[in-house]
Amino acid sequence: SMSIISDSLKKIKPSPTIAVSTKARELKAAGKDVIGLGAGEPDFDTPDNIKKAAIKAINDGDTKYTAVDGTPALKKAIVEKFKKENNLDYTSDQITVGAGGKHVIYNAMMATLNEGDEVIVPAPYWVSYPDMVLLAGGTPIILECDEKQEFKINPAELEKSITPKTKWIILNSPSNPTGACYTKKDIREIADILEKHPHVYVLSDDIYEHVTYEGFKFFTIAQIDTLKDRVLTMNGVSKAYSMTGWRIGYAAGPKDIIKAMGKIQSQSTSNPSSISQAAAVEALVGTQDFIKERATSFQERRDFVVKALNAIDGIECLNPAGAFYVFPSCKGLMGKKDSSGNELKRDTDFVQSLLENSGIAVVQGSAFGLEGFFRISYATSMENLKKALEKISSYCESLN
């Protein structure tokens, strides 16, 4: 009989990171001591000045529909942000605001992809990219970038993966899940390839822009003049300002794409929350002092986690320049058995066994398109991290 569920939905899977969280919750409910290192959000609270702006908006009755793809005040603040922080000139009709960065990327894929259009997705990738492409009828082309190249694109391999059907390439720097950051030189090399292929657009996911370390100089591909007209730069307030639950993402790019994305939004969600938009204005125009302080605190945690992981036999971990994730290899543990006699054949076996035996929840690398690794989010207290790394260490020692 005919299924009520659409065929396009059969192409995609639920988010694999959620499966890990669900299992962790079940163990917690059963009274087990579980430390979750799976969360992709800062553990800091939203700063007070931003909360106050939201409360003021509520008290002022700023509670009605707004323009579909963002209030004039928020678009103005975004235009100023791009000018001040990235030296990029945009006008308000080149800006769109959605209910989170994820929503903005989803709109972009829905507004631009036809059946069979290709989107180059470098792996390891954020879990949602390939599925959004599939949902929009496109074909994700996975470009593997292993640890030998610091999980970054090799320009020659990028060139080989471009075809006449390529519509987009997705760039994410600093990266989720690896924390890898593209330098200005890296981006220049990618741009040299893309300049030869004028039919390819770039979606630059800059959501972790402000979470970088050791004076890393953030550079985004729209700053390369010859490419700016075919770059959609996505960003948002979630990571820099600890506003994940407020759901505000935005993008700047070519007017025709921005307009098409607005059209989709007008027939799906309509405007993002008026209160969240008022809060986002304050986030962008208010004090930025805490961003540096928080990055310093993240850096201390990163240093601790990387050192502790590299001290474990069978685990190797690069030291990334941004975001709040590390992406260590567990390849050196494959073929070993845990205390229940289960052999570890894949990263999923390792992740499951670690959770069941030690109560530590991490996410397998294969969920992000690269087998033999796992992702740790260190956006949690130092106390939690110390306890977790001790447990990971003794678990790995117990393998034989």
# chains A, B, ... in the order shown; residues from 1 in each chain; ligands from 1
$ select_by_dssp --residues "stretch 258-397 of chain A" --states "alpha helix (DSSP H)" --output "ChimeraX atom specification"
/A:258-266,274-285,289-310,347-358,382-397
$ residues_around --residues "A:Lys307" --least-positions-apart "5" --cutoff "9 Å" --atoms "only C-alpha atoms" --output "short mmCIF file (atom, residue, chain, number, x, y, z; two decimals) with N, CA and C atoms, in the first residue's frame"
data_model
loop_
_atom_site.label_atom_id
_atom_site.label_comp_id
_atom_site.auth_asym_id
_atom_site.auth_seq_id
_atom_site.Cartn_x
_atom_site.Cartn_y
_atom_site.Cartn_z
N ARG A 302 40.88 23.09 26.13
CA ARG A 302 41.43 22.41 24.95
C ARG A 302 42.82 21.87 25.25
N CYS A 317 45.64 12.80 18.91
CA CYS A 317 44.75 13.95 18.76
C CYS A 317 45.49 15.18 18.29
N ASN A 319 45.87 19.28 17.67
CA ASN A 319 45.56 20.42 18.52
C ASN A 319 44.92 21.51 17.65
#
$ residues_around --residues "A:Val68" --least-positions-apart "6" --cutoff "7 Å" --atoms "only C-alpha atoms" --output "count of residues only"
5
$ residues_around --residues "stretch 100-117 of chain A" --least-positions-apart "4" --cutoff "8 Å" --atoms "only C-alpha atoms" --output "list of chain:residue names"
A:Thr96, A:Met132, A:Val133, A:Ala136, A:Gly137, A:Gly138, A:Thr139, A:Lys165, A:Thr166, A:Lys167, A:Ile207, A:Met234, A:Asn235, A:Gly236, A:Ser238, A:Thr244, A:Trp246, A:Arg247, A:Ile248, A:Gly249, A:Tyr250, A:Ala251, A:Ile257, A:Ala260, A:Met261, A:Ile264, A:Gln265
$ residues_around --residues "stretch 48-63 of chain A" --least-positions-apart "6" --cutoff "10 Å" --atoms "only C-alpha atoms" --output "VMD selection string"
chain A and resid 241 243 273 to 284 286 to 287
$ closest_residue --among "A:Lys255, A:Lys11, A:Lys152, A:Lys217" --to "A:Gln94" --atoms "only C-alpha atoms"
A:Lys255
$ residues_around --residues "A:Pro72" --least-positions-apart "2" --cutoff "12 Å" --atoms "only C-alpha atoms" --output "ChimeraX atom specification"
/A:66-70,74-79,91-93,95-97,274,277-278,281
